[in-house]
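Structure first, commentary second.
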Amino acid sequence: MEKYDSIKLIFLKELCEYMESIREHMDQINSPHSSFIAAASWLISPNTPLLAGGALFIQDGVIKTIGLREDLKRDHNVPVIDHPGCAILPGFVNVHTHLELTHYPAWRLRNHVEYHPRRFVDWIIQLIKVKRGLTIDDMKSSAREGIRMCLESGTTAVGEIVTTKMLGDLYRSSQLSGRQYFELFGHDQSRFRTALTQAVEAAQAVPKSAFTGGLSPHAPYTIADEHLPLISAAARNTGLPLAIHLSESAAETAYVFDSSGQLADELFPFVGWERYLVPPRRCSSTELLDRAGLLTPNTLAIHCVHVTRADAEILKKRGVSVALCPRSNERLDVGRAPLALLRKLGIPMALGTDSLASDDSLSLWDELRFALNAFPGELSPEDVLHMATLGGAAALGINMGHGSLEPGKHANFQIVGNVGDHAESGKLLEQIAFEGVVQDVFVLGQPYVGDYNRGNPETVFRQRRILQSH
Ligand SMILES: [Zn+2]
């Protein structure tokens with residue numbers, strides 16, 4: 001036993017020294033002025049031919065040059081971080097998240113509502129029950145966990161729905177970026193006006209460094225019709241983009257068309273909204289939003305499972321982008337988005353995981369793999385990789401800096417292993433889409449080393465190995 005303890009002590013001492021030396025290396029590479037070359041067997045970026053033996057020259061967190069490893073090495077006398085047998089891809093853009101809800105599975109247990117909802121309305125009611133009684137600290141630790149899960153799975157930007165500006169600092173202190181859409185809902189007029197003013201202020205106050213702001217009117221059934229034009233006016237006046245859950249369930253279709261169905265019969269009484277039920281509108285959710293001026297090229301429509309051909313044509317005409325969340329739709333048993341129709345019309349599409357209230361992970365890799373299997377013959381590996389990168393960045397309006405490996409863009413990228421040795425591009429993309437494994441993630445040219453730089457030993461060790469090989 002004693003012998004075991006002394007070995008343990010020696011090991012711990014060596015480990016500490018080792019970690020200290022690693023930190024020195026990490027400090028070098030984490031220097032805001034550091035320049036280096038990141039190289040791999042493949043460089044893969046949307047709208048760009050695959051580059052075998054490609055590399056990025058990175059300076060001050062920005063991609064400066066893309067080229068062959070040997071050419072960049074000749075031109076720049078800087079460290080080379082090589083990843084043989086791997087591919088470099090842009091950091092993924094997950095266009096629809098609610099990271100505040102990452103601890104939902106635990107909260108469900110804690111609040112004794114651990115039943116598995118069978119219908120959409122059951123899920124919404126469960127969500128409300130779970131959210132009741134949450135403290136700001138609950139939400140902070142939940143969002144922090146969500147941020148970690150995103151970054152570890154290669155996602156460097158998100159379209160995040162935020163319910164309180166009190167989480168602002170949390171996002172700012174992380175390496176994640178993207179767009180924060182401040183959520184809006186409610187039927188009461190005076191309360192809604194106040195909430196809208198606060199949401200606009202919060203969205204405008206988002207510092208432009210990592211995140212940019214937006215508004216998220218939750219869904220047609222949680223906001224009074226008379227409030228919709230106020231939101232579109234606010235968006236128009238401020239230039240803030242919108243994200244809205246649209247046609248997620250058949251229950252929503254019934255509610256909007258004739259104020260009937262499960263939402264009218266069960267959700268409204270549950271939250272005390274009976275007095276807000278309106279006479280039948282005899283239109284779809286898409287038409288309702290369009291009449292209020294909410295559908296523009298700055299709008300992201302989330303889900304779109306129950307859009308008709310006429311609805312899809314309106315979305316196309318207005319330049320709306322669609323966020324597909326196929327795993328969430330499957331879990332809540334609401335159906336599948338009419339992908340072929342949306343594609344045929346040329347509607348821009350991207351991928352979102354939604355939250356852990358309705359999905360199993362926050363990995364966009366998991367989402368794109370599910371999408372490939374859910375829509376066989378309708379989506380190629382190239383399609384889903386585009387949706388997860390440049391398609392997502394365009395949908396959030398952040399494609400100037402995100403979504404592809406191009407000079408001038410943020411040095412946000414992921415090192416993906418298990419890519420095989422396929423020389424043919426179709427086979428390579430298929431291998432990556434189905435079998436790729438995220439090995440390292442870089443944000444603004446800095447390696448992601450775990451939650452809030454506390455350091456993830458696995459990643460740090462790997463980083464040291466890479467640095468030592470040069
Ligand atoms: Zn959502």
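Labels used: A, B, ... for chains in the order of the structure tokens, numbers from 1 for residues in each chain, and numbers from 1 for ligands as shown.
Residues of region 252-286 of chain A carrying a DSSP assignment of helix (DSSP H, G or I), computed from the backbone, are Glu252, Thr253, Ala254, Tyr255, Val256, Phe257, Asp258, Gly261, Gln262, Leu263, Ala264, Asp265, Glu266, Leu267, Phe268, Pro269, Phe270, Val271, Glu274, Arg275, Tyr276, Ser285 and Thr286 of chain A.
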Compile a residue-level contact table for chain A against ligand 1 at a cut-off of 10 Å, reporting for every qualifying residue the shortest atom pair and its distance in Å to one decimal, with only C-alpha atoms and all ligand atoms counted, rows ordered by chain and ascending number, as a Markdown table.
| residue | atom | partner | partner_atom_place_in_ligand_line | distance |
| --- | --- | --- | --- | --- |
| A:His96 | CA | ligand 1 | 1 (Zn) | 6.4 |
| A:Thr97 | CA | ligand 1 | 1 (Zn) | 6.5 |
| A:His98 | CA | ligand 1 | 1 (Zn) | 6.5 |
| A:Glu160 | CA | ligand 1 | 1 (Zn) | 9.1 |
| A:Ile161 | CA | ligand 1 | 1 (Zn) | 7.5 |
| A:Ser216 | CA | ligand 1 | 1 (Zn) | 9.9 |
| A:His218 | CA | ligand 1 | 1 (Zn) | 8.2 |
| A:Ala219 | CA | ligand 1 | 1 (Zn) | 9.4 |
| A:Ala243 | CA | ligand 1 | 1 (Zn) | 9.4 |
| A:Ile244 | CA | ligand 1 | 1 (Zn) | 8.3 |
| A:His245 | CA | ligand 1 | 1 (Zn) | 6.4 |
| A:Leu246 | CA | ligand 1 | 1 (Zn) | 9.8 |
| A:Glu248 | CA | ligand 1 | 1 (Zn) | 9.4 |
| A:Ile302 | CA | ligand 1 | 1 (Zn) | 7.2 |
| A:His303 | CA | ligand 1 | 1 (Zn) | 8.3 |
| A:Ala323 | CA | ligand 1 | 1 (Zn) | 9.8 |
| A:Cys325 | CA | ligand 1 | 1 (Zn) | 8.7 |
| A:Ser328 | CA | ligand 1 | 1 (Zn) | 8.8 |
| A:Gly352 | CA | ligand 1 | 1 (Zn) | 8.8 |
| A:Thr353 | CA | ligand 1 | 1 (Zn) | 8.5 |
| A:Asp354 | CA | ligand 1 | 1 (Zn) | 5.0 |
| A:Ser355 | CA | ligand 1 | 1 (Zn) | 6.6 |
| A:Leu356 | CA | ligand 1 | 1 (Zn) | 10.0 |
| A:Ala357 | CA | ligand 1 | 1 (Zn) | 9.1 |
| A:Ser358 | CA | ligand 1 | 1 (Zn) | 8.7 |
12 Å contact set for Val130 (chain A), only C-alpha atoms, chain neighbours under 2 positions out, as a PyMOL selection string: chain A and resi 101+103-115+123-128+132-135+138-139+357
One decimal place gives the CA of Tyr255 (chain A)-CA of Asp225 (chain A) separation as 12.4 Å
Met349 (chain A) surroundings by only C-alpha atoms, 9 Å radius, close-in-sequence under 2 positions cut, as a ChimeraX atom specification: /A:321-324,342-343,346-347,351,387,391-392,395
Neighbour list for His76 (chain A) as a PDB file with C-alpha atoms, in the first residue's frame, cut-off 9 Å, only C-alpha atoms, skip fewer than 4 positions in-chain:
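Output below, filename selection-v2.pdb:
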ATOM      1  CA  PHE A  36       1.629  29.432 -37.111  1.00  0.00           C
ATOM      2  CA  ILE A  37       0.806  27.038 -39.898  1.00  0.00           C
ATOM      3  CA  PHE A  57      -1.153  30.293 -42.343  1.00  0.00           C
ATOM      4  CA  ASP A  71       4.708  26.424 -49.951  1.00  0.00           C
ATOM      5  CA  LEU A  72       3.511  28.011 -46.729  1.00  0.00           C
TER       6      LEU A  72
END
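Nearest to Arg144 (chain A) of all the residues A:Asp359, A:Glu406, A:Asp169, A:Asp333 is A:Asp169, counting only C-alpha atoms.
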Residues at most 9 Å from region 249-251 of chain A, counting only C-alpha atoms, excluding those fewer than 4 positions away in the same chain, as an MDAnalysis selection string? chainID A and resid 120:121 255:256 260:264 303:306 329 332:335
Would you export the selected residues with N, CA and C atoms as a PDB file, in the first residue's frame, please?
ATOM      1  N   PHE A 120     -46.577  16.576 -28.888  1.00  0.00           N
ATOM      2  CA  PHE A 120     -45.886  17.868 -28.840  1.00  0.00           C
ATOM      3  C   PHE A 120     -46.371  18.711 -27.659  1.00  0.00           C
ATOM      4  N   VAL A 121     -47.698  18.740 -27.475  1.00  0.00           N
ATOM      5  CA  VAL A 121     -48.246  19.579 -26.401  1.00  0.00           C
ATOM      6  C   VAL A 121     -47.810  19.070 -25.023  1.00  0.00           C
ATOM      7  N   TYR A 255     -53.940  25.127 -34.435  1.00  0.00           N
ATOM      8  CA  TYR A 255     -54.162  26.316 -33.603  1.00  0.00           C
ATOM      9  C   TYR A 255     -54.250  27.576 -34.468  1.00  0.00           C
ATOM     10  N   VAL A 256     -53.311  27.725 -35.398  1.00  0.00           N
ATOM     11  CA  VAL A 256     -53.298  28.944 -36.206  1.00  0.00           C
ATOM     12  C   VAL A 256     -54.492  28.969 -37.159  1.00  0.00           C
ATOM     13  N   SER A 260     -58.060  25.684 -32.822  1.00  0.00           N
ATOM     14  CA  SER A 260     -58.503  24.419 -32.242  1.00  0.00           C
ATOM     15  C   SER A 260     -57.288  23.541 -31.947  1.00  0.00           C
ATOM     16  N   GLY A 261     -57.568  22.324 -31.502  1.00  0.00           N
ATOM     17  CA  GLY A 261     -56.503  21.342 -31.315  1.00  0.00           C
ATOM     18  C   GLY A 261     -55.873  21.373 -29.935  1.00  0.00           C
ATOM     19  N   GLN A 262     -54.794  20.616 -29.806  1.00  0.00           N
ATOM     20  CA  GLN A 262     -54.187  20.390 -28.492  1.00  0.00           C
ATOM     21  C   GLN A 262     -53.645  21.661 -27.840  1.00  0.00           C
ATOM     22  N   LEU A 263     -53.111  22.564 -28.649  1.00  0.00           N
ATOM     23  CA  LEU A 263     -52.559  23.785 -28.051  1.00  0.00           C
ATOM     24  C   LEU A 263     -53.686  24.638 -27.461  1.00  0.00           C
ATOM     25  N   ALA A 264     -54.779  24.779 -28.225  1.00  0.00           N
ATOM     26  CA  ALA A 264     -55.915  25.562 -27.733  1.00  0.00           C
ATOM     27  C   ALA A 264     -56.590  24.863 -26.559  1.00  0.00           C
ATOM     28  N   HIS A 303     -37.459  24.782 -37.942  1.00  0.00           N
ATOM     29  CA  HIS A 303     -38.233  23.534 -38.071  1.00  0.00           C
ATOM     30  C   HIS A 303     -38.935  23.416 -39.432  1.00  0.00           C
ATOM     31  N   CYS A 304     -39.991  24.204 -39.677  1.00  0.00           N
ATOM     32  CA  CYS A 304     -40.717  24.158 -40.967  1.00  0.00           C
ATOM     33  C   CYS A 304     -41.122  22.732 -41.352  1.00  0.00           C
ATOM     34  N   VAL A 305     -41.598  21.975 -40.387  1.00  0.00           N
ATOM     35  CA  VAL A 305     -42.010  20.589 -40.664  1.00  0.00           C
ATOM     36  C   VAL A 305     -43.330  20.564 -41.429  1.00  0.00           C
ATOM     37  N   HIS A 306     -44.240  21.460 -41.048  1.00  0.00           N
ATOM     38  CA  HIS A 306     -45.586  21.401 -41.626  1.00  0.00           C
ATOM     39  C   HIS A 306     -45.852  22.545 -42.599  1.00  0.00           C
ATOM     40  N   ASN A 329     -37.204  16.850 -34.239  1.00  0.00           N
ATOM     41  CA  ASN A 329     -38.492  16.521 -34.849  1.00  0.00           C
ATOM     42  C   ASN A 329     -38.836  15.050 -34.655  1.00  0.00           C
ATOM     43  N   LEU A 332     -39.760  14.394 -30.904  1.00  0.00           N
ATOM     44  CA  LEU A 332     -41.086  14.884 -30.522  1.00  0.00           C
ATOM     45  C   LEU A 332     -42.180  14.330 -31.430  1.00  0.00           C
ATOM     46  N   ASP A 333     -41.765  13.488 -32.375  1.00  0.00           N
ATOM     47  CA  ASP A 333     -42.716  12.802 -33.247  1.00  0.00           C
ATOM     48  C   ASP A 333     -43.653  13.772 -33.968  1.00  0.00           C
ATOM     49  N   VAL A 334     -43.064  14.852 -34.487  1.00  0.00           N
ATOM     50  CA  VAL A 334     -43.899  15.851 -35.170  1.00  0.00           C
ATOM     51  C   VAL A 334     -43.861  15.699 -36.689  1.00  0.00           C
ATOM     52  N   GLY A 335     -43.032  14.790 -37.187  1.00  0.00           N
ATOM     53  CA  GLY A 335     -42.919  14.608 -38.641  1.00  0.00           C
ATOM     54  C   GLY A 335     -41.559  15.072 -39.127  1.00  0.00           C
TER      55      GLY A 335
END
